[in-house]
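Just final-v3.cif here, mmCIF, C-alpha atoms:
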data_work
#
loop_
_atom_site.label_atom_id
_atom_site.label_comp_id
_atom_site.auth_asym_id
_atom_site.auth_seq_id
_atom_site.Cartn_x
_atom_site.Cartn_y
_atom_site.Cartn_z
CA MET A 7 221.92 127.10 38.51
CA ASN A 8 223.58 127.83 35.21
CA LEU A 9 223.06 131.48 34.39
CA ASN A 10 224.10 131.02 30.79
CA SER A 11 221.58 128.24 30.01
CA PRO A 12 218.96 128.93 27.30
CA TYR A 13 216.21 127.92 29.76
CA PHE A 14 217.23 130.70 32.20
CA ASN A 15 217.37 133.26 29.37
CA ALA A 16 213.87 132.32 28.23
CA VAL A 17 212.49 132.62 31.78
CA THR A 18 214.20 135.99 32.27
CA LYS A 19 212.76 137.23 29.00
CA LEU A 20 209.27 136.13 30.00
CA ILE A 21 209.54 137.89 33.36
CA LEU A 22 210.81 141.04 31.68
CA ILE A 23 207.98 140.96 29.16
CA PHE A 24 205.48 140.51 32.01
CA ILE A 25 206.95 143.48 33.90
CA LEU A 26 207.12 145.68 30.83
CA VAL A 27 203.71 144.88 29.39
CA CYS A 28 201.26 143.66 32.03
CA ILE A 29 202.10 145.70 35.13
CA PRO A 30 202.44 149.09 33.43
CA VAL A 31 199.12 148.56 31.62
CA ASN A 32 197.36 148.02 34.95
CA ILE A 33 199.08 150.98 36.52
CA LEU A 34 198.19 153.08 33.47
CA ALA A 35 194.52 152.00 33.64
CA GLN A 36 194.38 152.82 37.33
CA SER A 37 196.00 156.19 36.81
CA GLU A 38 193.67 156.95 33.90
CA MET A 39 190.64 156.28 36.10
CA GLU A 40 192.15 158.56 38.74
CA TYR A 41 192.79 161.21 36.08
CA ALA A 42 189.20 160.91 34.80
CA ASN A 43 187.88 161.18 38.36
CA TRP A 44 190.04 164.25 38.91
CA LEU A 45 188.66 165.84 35.71
CA PHE A 46 185.16 165.05 36.98
CA SER A 47 185.88 166.65 40.36
CA GLU A 48 187.25 169.71 38.51
CA GLN A 49 183.84 169.89 36.74
CA ASP A 50 185.62 169.38 33.38
CA TYR A 51 182.89 166.92 32.43
CA PHE A 52 183.56 166.94 28.69
CA ARG A 53 187.15 165.70 29.06
CA ALA A 54 186.15 163.35 31.91
CA ILE A 55 183.58 161.71 29.61
CA THR A 56 186.28 161.19 26.95
CA GLU A 57 188.56 159.50 29.50
CA TYR A 58 185.76 157.29 30.86
CA LYS A 59 184.78 156.28 27.33
CA LYS A 60 188.39 155.40 26.57
CA LEU A 61 188.57 153.26 29.71
CA PHE A 62 185.22 151.66 28.84
CA TYR A 63 186.46 150.80 25.35
CA TYR A 64 189.75 149.21 26.45
CA SER A 65 188.46 147.55 29.61
CA ASP A 66 188.01 143.77 29.88
CA SER A 67 186.45 143.88 33.32
CA ASN A 68 182.68 144.16 33.78
CA ASP A 69 183.09 146.14 36.99
CA THR A 70 185.22 148.79 35.31
CA GLU A 71 182.78 149.00 32.38
CA ASN A 72 179.82 149.45 34.73
CA GLU A 73 181.67 152.05 36.76
CA CYS A 74 182.56 153.93 33.57
CA LEU A 75 178.94 153.85 32.34
CA LEU A 76 177.72 155.28 35.66
CA LYS A 77 180.37 157.99 35.62
CA ILE A 78 179.59 158.89 31.98
CA SER A 79 175.90 159.11 32.80
CA ASN A 80 176.61 161.28 35.83
CA ALA A 81 178.94 163.55 33.85
CA TYR A 82 176.28 164.06 31.17
CA LEU A 83 173.73 164.77 33.89
CA LYS A 84 176.02 167.38 35.47
CA SER A 85 176.57 169.04 32.09
CA ASN A 86 172.79 169.18 31.48
CA LYS A 87 172.90 166.73 28.56
CA PHE A 88 169.95 164.79 29.88
CA LYS A 89 169.14 162.63 26.85
CA SER A 90 172.73 161.34 26.71
CA SER A 91 172.63 160.67 30.46
CA ILE A 92 169.46 158.60 30.04
CA ARG A 93 171.11 156.68 27.20
CA TYR A 94 174.16 155.66 29.25
CA SER A 95 172.15 154.80 32.39
CA SER A 96 169.90 152.62 30.23
CA LEU A 97 172.99 150.94 28.77
CA LEU A 98 174.14 150.20 32.30
CA LEU A 99 170.75 148.75 33.26
CA ASN A 100 171.06 146.32 30.34
CA GLN A 101 174.37 144.95 31.68
CA PRO A 102 174.32 141.60 33.50
CA ASN A 103 175.17 141.06 37.19
CA LEU A 104 174.51 144.56 38.49
CA SER A 105 174.46 145.28 42.20
CA VAL A 106 171.35 146.74 43.86
CA GLN A 107 173.27 149.96 44.49
CA GLN A 108 174.19 150.29 40.79
CA ILE A 109 170.58 149.69 39.67
CA SER A 110 169.35 152.22 42.19
CA THR A 111 171.93 154.82 41.13
CA ALA A 112 171.22 154.32 37.40
CA ASN A 113 167.46 154.66 37.98
CA ASN A 114 168.03 157.81 40.01
CA PHE A 115 170.19 159.28 37.23
CA ILE A 116 167.42 158.57 34.71
CA GLY A 117 164.89 160.13 37.09
CA LEU A 118 167.05 163.24 37.51
CA SER A 119 167.52 163.47 33.74
CA TYR A 120 163.76 163.37 33.16
CA TYR A 121 163.42 165.96 35.92
CA GLY A 122 165.91 168.13 34.02
CA LEU A 123 163.85 167.65 30.86
CA LYS A 124 160.75 168.69 32.89
CA VAL A 125 159.06 165.32 32.21
CA PHE A 126 157.99 164.96 35.82
CA SER A 127 155.74 161.92 35.39
CA MET A 128 158.61 159.84 33.95
CA ALA A 129 160.99 161.11 36.64
CA GLU A 130 158.47 160.11 39.29
CA ASP A 131 158.24 156.57 37.84
CA TYR A 132 162.00 156.04 38.02
CA PHE A 133 162.31 157.41 41.56
CA LYS A 134 159.42 155.17 42.66
CA LYS A 135 161.22 152.15 41.17
CA THR A 136 164.14 152.63 43.56
CA GLU A 137 162.26 154.03 46.54
CA ASN A 138 162.40 150.73 48.47
CA SER A 139 165.86 149.55 47.45
CA ASP A 140 167.61 152.90 47.86
CA THR A 141 169.50 153.04 51.16
CA THR A 142 170.57 156.67 50.83
CA GLY A 143 167.10 158.27 50.94
CA PHE A 144 167.71 160.24 47.75
CA SER A 145 164.84 158.58 45.82
CA LEU A 146 162.28 159.66 48.42
CA PHE A 147 163.94 163.06 48.64
CA TYR A 148 163.57 163.59 44.87
CA LEU A 149 160.00 162.24 44.93
CA ALA A 150 159.20 165.03 47.39
CA LEU A 151 160.72 167.52 44.95
CA ILE A 152 158.51 166.18 42.14
CA ASP A 153 155.48 166.66 44.43
CA ALA A 154 156.55 170.26 45.01
CA GLU A 155 156.87 170.78 41.23
CA LYS A 156 153.33 169.46 40.80
CA SER A 157 152.08 171.88 43.51
CA ARG A 158 151.34 168.98 45.93
CA TYR A 159 153.05 170.79 48.79
CA LYS A 160 151.47 168.81 51.64
CA GLU A 161 152.58 165.45 50.16
CA ALA A 162 156.03 166.91 49.54
CA SER A 163 156.26 168.04 53.15
CA ILE A 164 155.29 164.55 54.42
CA LYS A 165 157.90 162.90 52.18
CA TYR A 166 160.64 165.29 53.30
CA PHE A 167 159.74 164.52 56.92
CA ASP A 168 159.88 160.77 56.11
CA VAL A 169 163.41 161.21 54.79
CA TYR A 170 164.34 162.99 58.03
CA GLN A 171 162.81 160.22 60.15
CA ASN A 172 163.87 157.15 58.13
CA TYR A 173 167.41 158.25 57.30
CA PRO A 174 168.55 160.18 60.42
CA LYS A 175 172.25 159.53 59.76
CA SER A 176 172.05 160.54 56.11
CA LYS A 177 173.45 163.89 54.98
CA LEU A 178 169.93 164.67 53.75
CA ALA A 179 168.35 164.51 57.22
CA GLU A 180 168.78 168.11 58.39
CA LEU A 181 167.98 169.58 54.97
CA SER A 182 164.85 167.40 54.67
CA LYS A 183 163.62 168.61 58.06
CA GLN A 184 164.07 172.21 56.94
CA LEU A 185 162.45 171.59 53.54
CA SER A 186 159.44 169.84 55.10
CA SER A 187 158.44 173.20 56.63
CA ASP A 188 159.72 175.41 53.76
CA VAL A 189 157.72 173.61 51.09
CA LEU A 190 154.42 174.41 52.83
CA GLU A 191 155.07 178.08 52.03
CA GLY A 192 154.02 177.13 48.50
CA TYR A 193 150.40 177.55 49.55
CA LYS A 194 151.11 181.22 50.31
CA VAL A 195 152.52 181.99 46.85
CA LYS A 196 150.62 184.91 45.29
CA SER A 197 148.38 184.01 42.38
CA LYS A 198 145.90 185.78 40.12
CA ASN A 199 142.76 184.34 38.57
CA SER A 200 143.32 184.37 34.80
CA TYR A 201 139.58 184.25 33.98
CA PHE A 202 138.89 187.18 36.30
CA ALA A 203 141.70 189.12 34.60
CA ALA A 204 140.11 188.38 31.20
CA LEU A 205 136.70 189.49 32.49
CA LEU A 206 138.14 192.73 33.88
CA SER A 207 139.79 193.51 30.53
CA THR A 208 136.54 192.75 28.71
CA ILE A 209 134.71 195.36 30.78
CA ILE A 210 137.48 197.99 31.00
CA PRO A 211 140.35 197.46 28.52
CA GLY A 212 143.70 197.11 30.28
CA SER A 213 142.24 196.59 33.75
CA GLY A 214 143.10 192.85 33.65
CA GLN A 215 146.76 193.70 33.04
CA ILE A 216 146.67 196.27 35.86
CA TYR A 217 145.16 193.57 38.15
CA CYS A 218 148.30 191.50 37.37
CA ASN A 219 150.59 194.46 38.21
CA HIS A 220 151.50 195.06 34.53
CA TYR A 221 150.59 198.75 34.71
CA TYR A 222 152.26 199.93 31.51
CA ASP A 223 150.67 197.11 29.49
CA GLY A 224 147.27 197.99 30.95
CA LEU A 225 147.68 201.68 30.17
CA GLN A 226 148.74 200.98 26.57
CA ALA A 227 145.87 198.54 26.07
CA PHE A 228 143.40 201.10 27.44
CA LEU A 229 144.73 203.90 25.22
CA TYR A 230 144.77 201.80 22.02
CA VAL A 231 141.32 200.26 22.50
CA SER A 232 139.83 203.60 23.57
CA ALA A 233 141.34 205.36 20.54
CA PHE A 234 139.96 202.73 18.15
CA ALA A 235 136.57 202.78 19.89
CA PHE A 236 136.45 206.55 19.48
CA ALA A 237 137.49 206.19 15.82
CA THR A 238 134.69 203.65 15.33
CA TYR A 239 132.17 206.07 16.84
CA ALA A 240 133.48 208.88 14.61
CA SER A 241 133.21 206.60 11.54
CA TYR A 242 129.65 205.76 12.44
CA LYS A 243 128.74 209.42 12.81
CA TYR A 244 130.44 210.21 9.49
CA ASP A 245 128.76 207.31 7.64
CA ASP A 246 125.40 208.20 9.19
CA LYS A 247 125.68 211.80 8.04
CA PHE A 248 127.45 211.60 4.65
CA ASN A 249 127.30 208.01 3.31
CA ASN A 250 124.48 205.71 2.37
CA ASN A 251 126.37 202.64 3.60
CA TYR A 252 128.35 201.85 6.75
CA VAL A 253 131.53 200.39 5.19
CA ASN A 254 133.87 202.65 7.19
CA THR A 255 132.04 201.72 10.40
CA TYR A 256 132.32 197.99 9.70
CA VAL A 257 136.04 198.27 8.99
CA ALA A 258 136.56 200.31 12.17
CA ILE A 259 134.52 197.83 14.24
CA SER A 260 136.63 194.93 12.89
CA ILE A 261 139.91 196.61 13.76
CA THR A 262 138.66 197.66 17.21
CA SER A 263 137.41 194.12 17.88
CA LEU A 264 140.83 192.66 17.03
CA PHE A 265 142.51 195.11 19.40
CA HIS A 266 139.95 194.43 22.13
CA ILE A 267 140.25 190.62 21.81
CA GLY A 268 144.04 191.02 21.82
CA ASN A 269 143.69 192.93 25.07
CA ILE A 270 141.50 190.17 26.60
CA ILE A 271 143.89 187.38 25.51
CA GLY A 272 146.79 189.44 26.83
CA ALA A 273 145.12 189.85 30.23
CA GLN A 274 144.45 186.11 30.55
CA ARG A 275 148.03 185.23 29.55
CA THR A 276 149.50 187.89 31.80
CA ALA A 277 147.68 186.42 34.82
CA SER A 278 148.97 182.91 33.93
CA TYR A 279 152.47 184.32 33.45
CA TYR A 280 152.25 186.10 36.82
CA ASN A 281 151.29 182.82 38.54
CA LEU A 282 154.04 180.87 36.77
CA LYS A 283 156.66 183.49 37.60
CA HIS A 284 155.80 183.56 41.31
CA LYS A 285 155.65 179.77 41.50
CA GLN A 286 159.06 179.55 39.81
CA TYR A 287 160.57 182.06 42.29
CA PHE A 288 159.34 179.89 45.15
CA LEU A 289 160.42 176.60 43.52
CA ASN A 290 163.86 177.98 42.61
CA ASN A 291 164.47 178.45 46.31
CA ILE A 292 163.43 174.83 47.02
CA ARG A 293 165.45 173.49 44.06
CA GLU A 294 168.54 175.42 45.12
CA LYS A 295 168.37 173.88 48.58
CA ALA A 296 167.52 170.39 47.28
CA PHE A 297 170.46 170.32 44.86
CA SER A 298 172.90 171.86 47.35
CA ILE A 299 173.63 168.25 48.40
CA ASP A 300 175.23 166.26 45.59
CA TYR A 301 173.87 162.83 44.74
CA MET B 9 199.80 163.68 0.67
CA LEU B 10 196.41 165.21 -0.10
CA LEU B 11 195.07 161.77 -0.93
CA LEU B 12 196.40 160.48 2.38
CA ASN B 13 194.72 163.35 4.24
CA SER B 14 191.42 162.76 2.48
CA ILE B 15 191.58 159.08 3.42
CA THR B 16 192.56 159.78 7.02
CA TYR B 17 189.92 162.49 7.56
CA SER B 18 187.05 161.24 5.49
CA GLN B 19 183.64 162.81 6.12
CA ASP B 20 182.27 159.80 8.01
CA GLU B 21 185.23 159.66 10.31
CA TYR B 22 185.04 163.40 10.92
CA ILE B 23 181.41 163.07 12.05
CA GLU B 24 182.34 160.15 14.26
CA LEU B 25 185.16 162.12 15.88
CA SER B 26 183.03 165.23 16.29
CA SER B 27 182.68 166.44 19.87
CA TRP B 28 178.99 167.21 19.44
CA GLU B 29 176.33 165.07 21.02
CA PRO B 30 173.13 164.48 19.00
CA GLU B 31 171.13 166.59 21.46
CA ASP B 32 173.49 169.56 20.93
CA LEU B 33 172.23 169.85 17.38
CA THR B 34 168.52 170.05 18.23
CA PRO B 35 167.05 173.56 18.31
CA ILE B 36 166.04 175.17 21.61
CA TYR B 37 162.36 175.20 20.75
CA SER B 38 162.42 171.69 19.34
CA SER B 39 159.17 170.90 21.16
CA PHE B 40 157.40 173.58 19.14
CA ASP B 41 159.07 172.77 15.80
CA SER B 42 158.74 169.01 15.89
CA THR B 43 155.45 168.28 17.60
CA GLU B 44 153.17 171.04 16.37
CA LYS B 45 151.11 170.03 13.36
CA PHE B 46 150.20 173.16 11.44
CA ILE B 47 146.84 173.43 9.78
CA VAL B 48 147.54 174.49 6.20
CA LYS B 49 144.88 177.02 5.18
CA PRO B 50 145.11 179.55 2.34
CA SER B 51 144.75 182.46 4.79
CA ILE B 52 147.61 181.14 6.92
CA LEU B 53 149.73 180.50 3.84
CA CYS B 54 149.17 184.14 2.79
CA ALA B 55 150.13 185.34 6.28
CA ASN B 56 153.25 183.15 6.19
CA MET B 57 154.19 184.56 2.78
CA LEU B 58 153.79 188.14 4.04
CA ILE B 59 155.80 187.43 7.18
CA GLY B 60 158.44 185.61 5.08
CA PHE B 61 158.64 188.60 2.70
CA TYR B 62 159.10 190.95 5.69
CA GLN B 63 161.75 188.72 7.28
CA ASN B 64 163.75 188.23 4.07
CA ASN B 65 163.47 191.63 2.41
CA ILE B 66 162.62 194.29 4.99
CA SER B 67 163.91 193.07 8.35
CA THR B 68 167.36 192.20 6.96
CA ARG B 69 167.84 195.80 5.77
CA SER B 70 166.92 197.24 9.15
CA ILE B 71 168.62 197.27 12.57
CA SER B 72 167.57 194.66 15.15
CA ARG B 73 165.11 196.64 17.27
CA CYS B 74 162.99 193.91 18.83
CA PRO B 75 163.88 193.46 22.52
CA PHE B 76 162.31 189.99 22.70
CA TYR B 77 163.97 186.61 22.36
CA ILE B 78 161.37 185.51 19.81
CA SER B 79 161.24 188.40 17.33
CA CYS B 80 157.85 190.02 16.70
CA SER B 81 157.63 188.68 13.14
CA HIS B 82 158.47 185.16 14.27
CA TYR B 83 155.98 185.53 17.14
CA ALA B 84 153.28 186.45 14.60
CA TYR B 85 154.31 183.47 12.45
CA MET B 86 154.10 181.10 15.44
CA ALA B 87 150.79 182.56 16.64
CA THR B 88 149.04 182.37 13.25
CA ASN B 89 150.26 178.81 12.67
CA LYS B 90 149.32 177.63 16.14
CA TYR B 91 146.00 179.38 16.73
CA GLY B 92 144.77 180.47 13.27
CA LEU B 93 144.82 183.77 11.43
CA LEU B 94 142.50 185.99 13.51
CA PRO B 95 143.59 184.76 16.99
CA GLY B 96 147.18 184.95 15.70
CA ILE B 97 146.66 188.62 14.80
CA CYS B 98 145.22 189.22 18.30
CA PHE B 99 148.30 187.60 19.87
CA PHE B 100 150.53 189.76 17.69
CA ILE B 101 148.61 192.94 18.66
CA ASP B 102 148.95 192.06 22.35
CA ARG B 103 152.70 191.54 21.96
CA ASN B 104 153.49 194.42 19.62
CA PHE B 105 151.16 197.17 20.86
CA TYR B 106 150.53 196.43 24.54
CA ARG B 107 153.45 194.50 26.00
CA GLU B 108 156.41 196.09 24.23
CA ASN B 109 157.16 199.09 26.42
CA ILE B 110 159.74 200.48 28.81
CA ALA B 111 158.51 198.24 31.66
CA SER B 112 159.12 195.04 29.66
CA PHE B 113 162.63 194.86 31.12
CA TYR B 114 161.08 194.64 34.58
CA TYR B 115 158.53 191.94 33.75
CA TYR B 116 160.47 189.42 31.65
CA GLU B 117 163.69 187.54 32.25
CA LEU B 118 166.71 187.84 30.01
CA ARG B 119 167.86 185.04 27.76
CA GLU B 120 170.88 184.86 25.46
CA ASN B 121 170.10 184.37 21.78
CA ASN B 122 172.30 182.69 19.14
CA ASP B 123 174.21 185.94 18.52
CA GLY B 124 175.12 186.20 22.20
CA ILE B 125 172.72 189.13 22.78
CA LEU B 126 170.52 189.16 25.88
CA LYS B 127 166.83 189.42 24.96
CA LEU B 128 163.59 189.38 26.92
CA ASP B 129 162.02 185.95 27.15
CA ASP B 130 158.22 186.01 26.91
CA SER B 131 158.01 182.54 25.32
CA PHE B 132 155.35 181.53 27.85
CA TYR B 133 152.76 183.74 26.13
CA ILE B 134 152.97 181.72 22.91
CA LEU B 135 154.29 178.32 23.97
CA GLY B 136 152.23 177.91 27.11
CA LYS B 137 153.15 175.91 30.21
CA ASP B 138 155.17 173.17 28.59
CA TYR B 139 157.75 175.20 26.71
#

What is this structure when it is put down as structure tokens?
Amino acid sequence: MNLNSPYFNAVTKLILIFILVCIPVNILAQSEMEYANWLFSEQDYFRAITEYKKLFYYSDSNDTENECLLKISNAYLKSNKFKSSIRYSSLLLNQPNLSVQQISTANNFIGLSYYGLKVFSMAEDYFKKTENSDTTGFSLFYLALIDAEKSRYKEASIKYFDVYQNYPKSKLAELSKQLSSDVLEGYKVKSKNSYFAALLSTIIPGSGQIYCNHYYDGLQAFLYVSAFAFATYASYKYDDKFNNNYVNTYVAISITSLFHIGNIIGAQRTASYYNLKHKQYFLNNIREKAFSIDY
Amino acid sequence: MLLLNSITYSQDEYIELSSWEPEDLTPIYSSFDSTEKFIVKPSILCANMLIGFYQNNISTRSISRCPFYISCSHYAYMATNKYGLLPGICFFIDRNFYRENIASFYYYELRENNDGILKLDDSFYILGKDY
């Protein structure tokens, strides 16, 4: 072989160009994905999204693009940017040749995003879509959570128990077994009847608020309405004795009525707020446990 | 050089490079602002004008006393526009005369406002279940 021939030089140059251009690009792409994954694991989602988007833009491979879209959607979900998460999962679902696992994951991300947006009916639809194809049990697990949110505690308990029975080797199994009994405690959550509270405040101002344990509110409502009622009575006595008309009385009655209706509305709202607050305390406990295992 | 800068960082490109997502720019109570269709009545317009006058000319010259996340004047504005003038006044009376007391800090949860100050969140009373 003649080392000085032009043919050998051309081949050497080609090999060098291949080494310098092709291989480092691949290594760089691989290391960038690792770097993005590391940022994601560090919970630096904003920078991770930038890196995944960069990889998505420069990638020629469908697999890498799909992986990037899933990661972007997940990173948005983790940073509570639910609408953006839905957008990227939907983009992924429009890609051709997706695996069953990818479709299931994308649907679950959309479901979790709608859950984050408190649109439970939409979330339920997306979890139901993947209920049969999902091999991890997460879809059923999240469906149970939606049931709990909608105060269907018995159904939620059954679903959690199904997860425990159908996916015994899953990391969700033990937690699901525990949640299937915990969620039934929802029936014992304290609640107040808002109409009864309104009725109580109609009869005795402030008593509806006191019924809902808002003692100061009740006391203030009682004092204000009583003071205006007394002022109305005094106006009536004054008009009856010194005036020919009852203008002062009418004005006093109007003001007292506004304060009394305000007190009734307040009692009804306070009872609803009391129920919501206690339900949220209970559900926060369930949510905390449910999201202690990462999807 | 200036010309080069203006070409390199044109307004369009700046928006494109911005780190904000579209949903970052939507207000917190977007559900209330965008979906509610206010009934325009003369009485409500008068109430809005009075509240607007208070907010622009009186409130700005005073210290921020209201402990709630939605200020009392804005609460009155929301209540009158959502429920009408008289029910709105009743809502305002309930908030301002009955519920604003020393025990409020025990009943309501804290929420950070745009100025970074923690305020009491009683949004449920005006926005209902879906807020």

When you get a sec, could you note down which chain A residues fall within 7 Å of chain B, using all atoms listed in the file, as a VMD selection string? chain A and resid 89 222 to 223 226 to 227 264 to 265 267 to 269 272 275 279

Any idea what's packed within 10 Å of A:Asn281, counting only C-alpha atoms, ignoring anything in its chain fewer than 6 positions away? Could you give it as a VMD selection string? chain A and resid 195 to 200 218 275

Quick one: which residues end up in the PyMOL selection byres ((chain A and resi 234-236) around 12) for this structure, as a count of residues only? 26

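Residues with any atom within 8 Å of B:Asp129, counting only C-alpha atoms and excluding same-chain neighbours fewer than 6 positions away, are B:Phe76, B:Tyr77, B:Ile78, B:Tyr116, B:Glu117, B:Leu118, B:Arg119.
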
The selected residues should be written to file as an mmCIF file, in the frame of the given file (atoms: C-alpha atoms).
data_model
loop_
_atom_site.group_PDB
_atom_site.id
_atom_site.type_symbol
_atom_site.label_atom_id
_atom_site.label_comp_id
_atom_site.auth_asym_id
_atom_site.auth_seq_id
_atom_site.Cartn_x
_atom_site.Cartn_y
_atom_site.Cartn_z
ATOM 1 C CA PHE B 76 162.310 189.990 22.700
ATOM 2 C CA TYR B 77 163.970 186.610 22.360
ATOM 3 C CA ILE B 78 161.370 185.510 19.810
ATOM 4 C CA TYR B 116 160.470 189.420 31.650
ATOM 5 C CA GLU B 117 163.690 187.540 32.250
ATOM 6 C CA LEU B 118 166.710 187.840 30.010
ATOM 7 C CA ARG B 119 167.860 185.040 27.760
#

Can you turn the PyMOL selection byres ((chain A and resi 151) around 9) into a concrete residue list for this file, as JSON, numbers by chain? {"A": [146, 147, 148, 149, 150, 152, 153, 154, 155, 156, 162, 166, 292, 293, 296]}

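When all atoms listed in the file are used to measure the gap to A:Ser187, the shortest distance among A:Ile116, A:Ile164, A:Ala204, A:Ile210 belongs to A:Ile164.
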
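Coordinates place atom CA of A:Ser105 at a distance of 23.7 Å from atom CA of A:Glu57.
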
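A distance cut-off of 12 Å around (183.1, 152.6, 25.6), counting all atoms listed in the file, selects these protein and nucleic acid residues: Ile55, Thr56, Glu57, Tyr58, Lys59, Lys60, Leu61, Phe62, Tyr63, Tyr64, Ser65, Asp66, Asn68, Thr70, Glu71, Asn72, Glu73, Cys74, Leu75, Leu76, Lys77, Ile78, Tyr94, Leu97 and Leu98 of chain A.
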
Neighbour list for A:Asn113 as a ChimeraX atom specification, cut-off 8 Å, only C-alpha atoms, skip fewer than 5 positions in-chain: /A:95,132-133,135-136
